[in-house]
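Here's the structure, in structure tokens; my notes come after.
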Amino acid sequence: MLINRPVLSLRTGTEVATAVEPIINPGNLKIEGFYCQDSRSRQTLILVSQDVRDVMPRGVIINDHDQLVQPEELVRLNPVLQLSFSLLGKHVETASGTKLGRVGDYSVDTESMFIQKIYVTQSIFKSFNGGNLGVDRSQIVEITNKKIVVSDLLQKVPARANAVA
């Protein structure tokens, strides 16, 4: 719902840009802003998430076109911009090394802009057994450029040697 959405101005009531891609901080899984294509100049500008007034089915609502800025103007956001982190398509595995699949989608709390859940698309064989897998942000152990490590989903219970009568 946040990718390729119109960015609408409250002041003019028109579309001022298109939110093309979210800017995700891998350190805390927060959407810091959006790369946007300006409707006027076709330049790539940035909309910082603090300037988002509301997210609606019709689009992302901001006050005015002036809230779209050049990337070089955002000095504090520069380290996150240089990472060019993308969540979709990242490999997901458990802490014990079991491969679960790839990130196919994620859900966002539009008030705080924190990613709440990632949805793992499993291989065709695994999807017959259990379908897609939802992983809560509290289960994420580590995020790297190549993969996301989550806590082991099912803990194996050791078999007891003697039965109790």
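Note on naming: chains are A, B, ... as they come in the structure tokens, residues start from 1 per chain, ligands start from 1 in the order shown.
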- Message: I need the strand (DSSP E) residues of chain A per DSSP on the backbone, written as a PyMOL selection string.
- Response: chain A and resi 5-9+15-25+30-38+44-48+54-56+59-62+68-69+91-94+99-109+114-121+133-136+140-143+147-150
- Message: Just checking: using only C-alpha atoms, which residue out of A:Ile62, A:Ile118, A:Met56, A:Val16 ends up closest to Ser41 in chain A?
- Response: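 Once distances to Ser41 in chain A are computed over only C-alpha atoms, the minimum belongs to A:Val16.
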- Task: For each of A:Ser107, A:Gln43, A:Thr94, A:Ser86, take the minimum atom-to-atom distance to Ile24 in chain A, counting only C-alpha atoms, then give the residue where this is smallest.
- Result: A:Ser86
- Item | Given only C-alpha atoms as the counted atoms, nearest of A:Ser123, A:Gln50, A:Asn78, A:Ser39 to Thr14 in chain A |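 Closest candidate: A:Ser39.
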- Query: Which is closer to Val20 in chain A than all the others in A:Asp38, A:Asp109, A:Glu32, A:Glu72, using only C-alpha atoms?
  - Reply: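 Looking only at the distances to Val20 in chain A, the closest residue turns out to be A:Asp38.
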- Message: Between A:Arg5, A:Val60, A:Leu74, A:Pro26, which residue has the minimum interatomic distance to Ile46 in chain A, considering only C-alpha atoms?
- Response: A:Leu74
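Checking A:Asn132, A:Ser138, A:Thr144, A:Gln70 one by one against Cys36 in chain A, counting only C-alpha atoms, you find the shortest gap at A:Gln70.
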- Excluding same-chain residues fewer than 4 positions from Leu100 in chain A, what lies within 7 Å of it counting only C-alpha atoms, as a PyMOL selection string? chain A and resi 92-93+122
